[in-house]
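Everything below belongs to structure_14.txt, which stores compact mmCIF, C-alpha atoms.
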# COMPACT_ATOMS: atom_id res chain seq x y z
CA MET A 20 70.08 144.29 15.84
CA ALA A 21 67.35 144.59 18.47
CA MET A 22 65.07 141.62 18.96
CA ASN A 23 61.34 142.13 19.09
CA PRO A 24 59.82 140.13 21.98
CA GLN A 25 56.47 139.77 20.18
CA SER A 26 58.19 138.38 17.11
CA VAL A 27 60.17 135.89 19.18
CA LEU A 28 57.05 134.83 21.10
CA SER A 29 55.15 134.39 17.87
CA GLN A 30 57.88 132.09 16.55
CA LEU A 31 58.04 130.14 19.81
CA ARG A 32 54.29 129.56 19.79
CA MET A 33 54.51 127.98 16.35
CA MET A 34 57.09 125.41 17.48
CA SER A 35 56.30 121.90 18.59
CA ASP A 36 57.17 121.01 22.18
CA GLN A 37 60.30 119.22 21.00
CA GLN A 38 61.38 122.17 18.85
CA LEU A 39 60.78 124.54 21.76
CA GLN A 40 62.87 122.37 24.07
CA GLN A 41 65.71 122.24 21.54
CA TYR A 42 65.50 126.00 20.95
CA ALA A 43 65.64 126.69 24.69
CA ALA A 44 68.65 124.38 25.05
CA MET A 45 70.45 126.16 22.21
CA HIS A 46 69.78 129.54 23.84
CA LYS A 47 70.21 128.58 27.50
CA ASN A 48 72.81 131.30 28.02
CA ASP A 49 70.85 134.02 26.22
CA PRO A 50 69.32 136.30 28.88
CA PHE A 51 66.66 137.50 26.44
CA VAL A 52 65.58 134.40 24.52
CA PHE A 53 65.79 131.68 27.17
CA PRO A 54 63.26 133.28 29.55
CA LEU A 55 60.80 133.68 26.69
CA ALA A 56 61.19 130.03 25.69
CA PHE A 57 60.91 128.91 29.31
CA GLN A 58 57.77 130.97 29.83
CA GLU A 59 56.19 129.55 26.68
CA SER A 60 56.90 126.05 27.98
CA GLN A 61 55.34 126.90 31.36
CA THR A 62 52.31 128.46 29.66
CA ARG A 63 51.75 125.29 27.63
CA LYS A 64 51.99 123.13 30.75
CA GLN A 65 49.50 125.35 32.56
CA MET A 66 47.07 125.31 29.63
CA ARG A 67 47.23 121.52 29.41
CA SER A 68 46.70 121.17 33.14
CA GLU A 69 43.68 123.47 33.03
CA ALA A 70 42.24 121.59 30.04
CA GLN A 71 42.62 118.25 31.84
CA LEU A 72 40.92 119.64 34.93
CA GLN A 73 38.07 121.03 32.84
CA LEU A 74 37.62 117.67 31.12
CA LEU A 75 37.61 115.88 34.46
CA LEU A 76 35.00 118.26 35.85
CA GLU A 77 32.84 117.82 32.75
CA LEU A 78 33.07 114.04 33.01
CA ARG A 79 32.15 114.12 36.69
CA HIS A 80 29.27 116.48 36.01
CA GLY A 81 27.98 114.08 33.34
CA GLU A 82 27.94 111.18 35.84
CA ARG A 83 25.25 112.81 37.96
What's the structure tokens form of this structure?
Amino acid sequence: MAMNPQSVLSQLRMMSDQQLQQYAAMHKNDPFVFPLAFQESQTRKQMRSEAQLQLLLELRHGER
């Protein structure tokens, strides 16, 4: 049965961080699923980092 990357990504995006981490650990030897889970984790980290930077810039802008 062929896996649909969009379907897998959709499922990964609905998982909590803890669920995603557990899912990645369970599929660490799967050359298809693990990279998708890892990329989702990296995307979340990047989004959080960008949101924190934006908040910091907004707070600094408000101090002027």
- prompt: What is the distance, in Å and to one decimal place, between CA of Met66 (chain A) and CA of Ser35 (chain A)?
  reply: 14.8 Å
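Picture a line from CA of Gln37 (chain A) to CA of Arg67 (chain A); it runs 15.7 Å.
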- prompt: Rounded to one decimal in Å, what is the spacing between CA of Gln61 (chain A) and CA of Asp49 (chain A)?
  reply: 17.8 Å
task: Would you please work out which residue, of A:Arg79, A:Ala56, A:Gln71, A:Thr62, is nearest to Gln30 (chain A) when using only C-alpha atoms?
output: A:Ala56
- line: With distances taken over all atoms listed in the file, the candidate from A:Leu78, A:Glu69, A:Arg32, A:Asn23 nearest Phe51 (chain A) is A:Asn23
message: Using only C-alpha atoms, can you tell me which of A:Leu72, A:Leu28, A:Ala43, A:Met33 comes closest to Phe57 (chain A)?
response: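 Looking only at the distances to Phe57 (chain A), the closest residue turns out to be A:Ala43.
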Extending 4 Å beyond the listed atoms of region 69-77 of chain A on each side, what axis-aligned box results? I want centre and edge lengths in Å to one decimal, as JSON.
{"center_x": 38.3, "center_y": 119.7, "center_z": 32.9, "size_x": 18.8, "size_y": 15.6, "size_z": 13.8}
message: Which residue is closest to Val27 (chain A)? Choose from A:Leu39, A:Ala44, A:Leu76, A:Ala70 and count only C-alpha atoms.
response: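 Of A:Leu39, A:Ala44, A:Leu76, A:Ala70, the one nearest Val27 (chain A), counting only C-alpha atoms, is A:Leu39.
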